[in-house]
Amino acid sequence: MDIKDLYRDVILDHNRRPRNFGPLEPADVSVEGFNPLCGDRLTLRLRMADGKIADIRFDGQGCAISTASASLMTEAVKGLTRSQALALFDRVHRLLTDEAACPDDLGKLAALSGIREFPARVKCASLCWHTLASALHSTAAGALPAVSTE
Amino acid sequence: MNSVAARDQRSSFDVQAVRREFPVLQRLVHGKPLAYLDNGASAQRPNAVIDAVDDYERHHHANIHRGVHTLSQEATALYEGARDRLVRFINARSRHEVVFVRGTTEAINLVAQSFARPLLKTGDEVLITHLEHHANIVPWQIVCEQTGAKLRIVPMDSSGEVHVESVEALLGPRTRLFACAHVSNALGTVLPVRRLIAAAKARGIVTLIDGAQAVAHTAVDVQELGCDFYAFSGHKMFAPTGIGVLYGREALLERMPPWQGGGDMILTVSFEKTTYNALPYKFEAGTPNISGAIGLGAAVEFLRSLDLQAAHAHEHALLEHATRTLSGLEHLRIIGTASAKASLISFVVAGAHPHDLGTILDQDGIAIRTGHHCAMPVMDFFKVPATARASFAFYNTFEEIDRLAAAIARARAIFT
């Protein structure tokens, strides 16, 4: 287990310069994610068009893993339909928790695979994805629940 | 041994000899010697504690306070012997004043529910400070909600100190209880508890001190302090988890109704009426954590076997060394700079989130705490989401602090 497996260059880069960071006006949905264990907090805002994620931005504060994961996620899901994005969440979740999961064809998200060696940090990486899932469900159902990884 | 050698031995603290008493300190973490700097969360166990629990489990276990057979009598003697050690350790007046509980949290909840709840009326006030651990906030919020009383908060200053005048300003005619930490777990601040207690007492206000972070680092004499209640946990003073003590002044404990009902806390039970047992058993319903109490008693004996003054002086030297060394790191800010501090340092490093720091330091075998330290109002006050915290015990070394500083510098380099 090497610390560089966790803090790969892609992650360090997205932590230093998070993409799609800041407010989104106007947004169709805004959901807050909170990890009470560590205090990580992020707000995710989405604009939907034709059943697809037309735009997505986030802000908040968190560790390098949570910031980079959110940044990578916003890049990866832009343009996806609701069900495509949820399917990607499933794959990323498996990548974070399952030794056997294969990161091939996940593009830059493959950089998250080192996190499974550090179980205490999986929640940091998955907070934004849980928040996204909640946002997508709420655009479908109309409710806006807050998300907590605890 | 000649008298000079004897004096040297007393006056100098042999940290290596003490380290040999703690088996876990010999282990490696990720191939590096463990530097255990998370004593504020839980301290490690010496052989004396491990052996006492082991001996009890192997040779003496039975239920206590019932049964005339040998094992039950031995277990009872060990359990009550541990209580006697604790009575001496905190200088309580009698065994009636030392109640075994699960820990500080349970002790405070007991006082909130059994002492405060019957007493508080709408408009009454409970006073705490801004730097409290959640365990000394939430039980009071609950009882205030139950009774219509108001929870009031004494402010702290930007160094993390609570001033006597700030407390006095809020001790009013409706204040029924004042509760505060002896030592802040998030900042290390040592509160001027003696003067705070005196100020409350002068107005006839009952006091509770949360001693969780204090008992391992300073001699506690409850009679000298003059508090009505003092709560602490075993595992922060080298004993097992799940055992702690509520000290209460006998006159108050006597008046309080039991907190939980069950076995051991009664004298007689019929379906019409139950007579409660005497102190402290009235508050110890059910079979207690017998092995934990025995371990706690052993921890007290272990501490008494040390030159505690020298041990505390060593901890203070560690704090000074750490403060000096960490202050020298660029981009590091120490959170909590009170003039009187126990041996812990909270800090943030610009560009490196506490959780990333914690993970990277762990790879170097260094254990620190990261997060909000169950003191979210403190984090809000200093406008940080979390801090990293290194907390020292007398078995820590200067070298471990140097390793900490070097690892922080390496960690920051990763992120910039």
# chains A, B, ... in the order shown; residues from 1 in each chain; ligands from 1

call {"tool": "closest_atom_pairs", "arguments": {"of": "chain A", "to": "chain B", "cutoff": "8 Å", "atoms": "only C-alpha atoms", "output": "CSV"}}
result
residue,atom,partner,partner_atom,distance
A:Ile3,CA,B:Ile360,CA,6.7
A:Leu12,CA,B:Phe415,CA,6.5
A:Arg16,CA,B:Phe415,CA,7.5
A:Leu37,CA,B:Gly371,CA,7.1
A:Cys38,CA,B:Gly371,CA,4.9
A:Gly39,CA,B:Pro385,CA,5.6
A:Asp40,CA,B:Pro385,CA,7.3
A:Gln61,CA,B:Pro385,CA,7.9
A:Gly62,CA,B:His353,CA,7.2
A:Cys63,CA,B:His353,CA,5.0
A:Ala64,CA,B:Asp356,CA,6.6
A:Ile65,CA,B:Asp356,CA,7.8

call {"tool": "write_last_selection", "arguments": {"atoms": "C-alpha atoms", "output": "mmCIF file, in the first residue's frame"}}
result
data_model
loop_
_atom_site.group_PDB
_atom_site.id
_atom_site.type_symbol
_atom_site.label_atom_id
_atom_site.label_comp_id
_atom_site.auth_asym_id
_atom_site.auth_seq_id
_atom_site.Cartn_x
_atom_site.Cartn_y
_atom_site.Cartn_z
ATOM 1 C CA ILE A 3 0.360 6.673 -0.452
ATOM 2 C CA LEU A 12 -3.928 15.931 -6.821
ATOM 3 C CA ARG A 16 -5.724 21.793 -6.706
ATOM 4 C CA LEU A 37 -17.840 12.199 10.667
ATOM 5 C CA CYS A 38 -15.326 14.557 9.102
ATOM 6 C CA GLY A 39 -17.308 17.715 8.383
ATOM 7 C CA ASP A 40 -17.021 17.444 4.601
ATOM 8 C CA GLN A 61 -15.270 22.178 1.485
ATOM 9 C CA GLY A 62 -13.655 18.831 1.937
ATOM 10 C CA CYS A 63 -10.470 16.829 1.842
ATOM 11 C CA ALA A 64 -8.480 16.202 -1.328
ATOM 12 C CA ILE A 65 -10.267 12.912 -1.981
#

call {"tool": "residues_around", "arguments": {"residues": "Thr218 of chain B", "least_positions_apart": "5", "cutoff": "12 Å", "atoms": "only C-alpha atoms", "output": "JSON list (two decimals) with N, CA and C atoms, in the first residue's frame"}}
result
[["chain", "number", "residue", "atom", "x", "y", "z"],
["B", 89, "PHE", "N", -7.77, 8.08, 44.75],
["B", 89, "PHE", "CA", -7.20, 8.75, 43.57],
["B", 89, "PHE", "C", -7.73, 10.17, 43.40],
["B", 90, "ILE", "N", -9.02, 10.35, 43.64],
["B", 90, "ILE", "CA", -9.60, 11.69, 43.46],
["B", 90, "ILE", "C", -9.89, 12.35, 44.81],
["B", 182, "HIS", "N", -12.77, 20.42, 32.38],
["B", 182, "HIS", "CA", -11.54, 20.76, 33.11],
["B", 182, "HIS", "C", -10.46, 21.11, 32.09],
["B", 183, "VAL", "N", -10.39, 20.29, 31.03],
["B", 183, "VAL", "CA", -9.45, 20.53, 29.92],
["B", 183, "VAL", "C", -10.23, 20.34, 28.63],
["B", 190, "VAL", "N", -6.65, 24.53, 29.54],
["B", 190, "VAL", "CA", -6.96, 24.15, 30.92],
["B", 190, "VAL", "C", -7.81, 25.26, 31.50],
["B", 211, "GLY", "N", -14.14, 15.89, 33.44],
["B", 211, "GLY", "CA", -12.70, 15.68, 33.65],
["B", 211, "GLY", "C", -12.07, 14.70, 32.67],
["B", 212, "ALA", "N", -12.78, 14.36, 31.60],
["B", 212, "ALA", "CA", -12.30, 13.32, 30.68],
["B", 212, "ALA", "C", -10.86, 13.56, 30.24],
["B", 213, "GLN", "N", -10.54, 14.81, 29.91],
["B", 213, "GLN", "CA", -9.21, 15.10, 29.37],
["B", 213, "GLN", "C", -8.22, 15.48, 30.46],
["B", 237, "MET", "N", -7.29, 7.28, 30.74],
["B", 237, "MET", "CA", -6.24, 7.21, 31.76],
["B", 237, "MET", "C", -5.70, 5.78, 31.87],
["B", 303, "LEU", "N", -0.54, 4.42, 37.95],
["B", 303, "LEU", "CA", -0.21, 5.84, 37.99],
["B", 303, "LEU", "C", 0.46, 6.21, 39.31],
["B", 308, "LEU", "N", 4.53, 10.99, 39.40],
["B", 308, "LEU", "CA", 3.56, 11.70, 38.56],
["B", 308, "LEU", "C", 3.97, 13.13, 38.27],
["B", 309, "GLN", "N", 4.64, 13.73, 39.24],
["B", 309, "GLN", "CA", 5.10, 15.10, 39.01],
["B", 309, "GLN", "C", 6.08, 15.13, 37.85],
["B", 310, "ALA", "N", 7.00, 14.17, 37.84],
["B", 310, "ALA", "CA", 7.98, 14.09, 36.75],
["B", 310, "ALA", "C", 7.28, 13.74, 35.44],
["B", 311, "ALA", "N", 6.29, 12.86, 35.51],
["B", 311, "ALA", "CA", 5.55, 12.47, 34.30],
["B", 311, "ALA", "C", 4.84, 13.68, 33.70],
["B", 312, "HIS", "N", 4.21, 14.45, 34.57],
["B", 312, "HIS", "CA", 3.49, 15.63, 34.07],
["B", 312, "HIS", "C", 4.47, 16.68, 33.55],
["B", 313, "ALA", "N", 5.62, 16.79, 34.19],
["B", 313, "ALA", "CA", 6.64, 17.73, 33.71],
["B", 313, "ALA", "C", 7.12, 17.31, 32.32],
["B", 315, "GLU", "N", 5.35, 15.65, 30.11],
["B", 315, "GLU", "CA", 4.27, 16.00, 29.18],
["B", 315, "GLU", "C", 4.31, 17.49, 28.82],
["B", 316, "HIS", "N", 4.59, 18.29, 29.83],
["B", 316, "HIS", "CA", 4.65, 19.72, 29.57],
["B", 316, "HIS", "C", 5.82, 20.06, 28.64],
["B", 341, "LYS", "N", -2.27, 25.16, 28.94],
["B", 341, "LYS", "CA", -2.75, 24.09, 28.07],
["B", 341, "LYS", "C", -2.28, 22.73, 28.57],
["B", 342, "ALA", "N", -3.10, 21.72, 28.33],
["B", 342, "ALA", "CA", -2.66, 20.34, 28.56],
["B", 342, "ALA", "C", -1.90, 19.91, 27.30],
["B", 343, "SER", "N", -1.33, 18.71, 27.36],
["B", 343, "SER", "CA", -0.38, 18.33, 26.31],
["B", 343, "SER", "C", -1.08, 17.85, 25.04],
["B", 393, "ALA", "N", 0.92, 11.63, 25.74],
["B", 393, "ALA", "CA", 0.94, 11.04, 27.08],
["B", 393, "ALA", "C", 2.40, 11.03, 27.52],
["B", 394, "PHE", "N", 2.63, 10.65, 28.78],
["B", 394, "PHE", "CA", 4.00, 10.70, 29.30],
["B", 394, "PHE", "C", 4.92, 9.69, 28.62]]

call {"tool": "select_by_dssp", "arguments": {"residues": "segment 252-285 of chain B", "states": "helix (DSSP H, G or I)", "output": "ChimeraX atom specification"}}
result
/B:252-255,281-283

call {"tool": "write_last_selection", "arguments": {"atoms": "N, CA and C atoms", "output": "CSV table (one decimal), in the first residue's frame"}}
result
chain,number,residue,atom,x,y,z
B,252,LEU,N,-25.9,15.3,47.7
B,252,LEU,CA,-26.6,15.5,46.4
B,252,LEU,C,-27.1,14.1,45.9
B,253,LEU,N,-26.1,13.2,45.9
B,253,LEU,CA,-26.4,11.8,45.4
B,253,LEU,C,-27.6,11.2,46.2
B,254,GLU,N,-27.5,11.5,47.5
B,254,GLU,CA,-28.5,10.9,48.4
B,254,GLU,C,-29.9,11.4,48.0
B,255,ARG,N,-30.0,12.7,47.6
B,255,ARG,CA,-31.3,13.2,47.3
B,255,ARG,C,-31.8,12.8,45.9
B,281,TYR,N,-24.7,2.1,45.2
B,281,TYR,CA,-25.3,1.0,44.4
B,281,TYR,C,-26.6,1.5,43.8
B,282,LYS,N,-27.2,2.5,44.4
B,282,LYS,CA,-28.5,3.1,43.9
B,282,LYS,C,-28.4,3.4,42.4
B,283,PHE,N,-27.1,3.8,42.0
B,283,PHE,CA,-26.9,4.2,40.6
B,283,PHE,C,-26.2,3.2,39.8

call {"tool": "residues_around", "arguments": {"residues": "Ile294 of chain B", "least_positions_apart": "5", "cutoff": "12 Å", "atoms": "only C-alpha atoms", "output": "VMD selection string"}}
result
chain B and resid 48 to 57 60 to 61 74 to 86 100 234 239 to 244 288 to 289 299 to 301

call {"tool": "select_by_dssp", "arguments": {"residues": "chain A", "states": "strand (DSSP E or B)", "output": "PyMOL selection string"}}
result
chain A and resi 21+29-35+40-49+52-61+81+147-148

call {"tool": "residues_around", "arguments": {"residues": "Val29 of chain A", "least_positions_apart": "2", "cutoff": "7 Å", "atoms": "only C-alpha atoms", "output": "ChimeraX atom specification"}}
result
/A:27,31,45-47,135,139
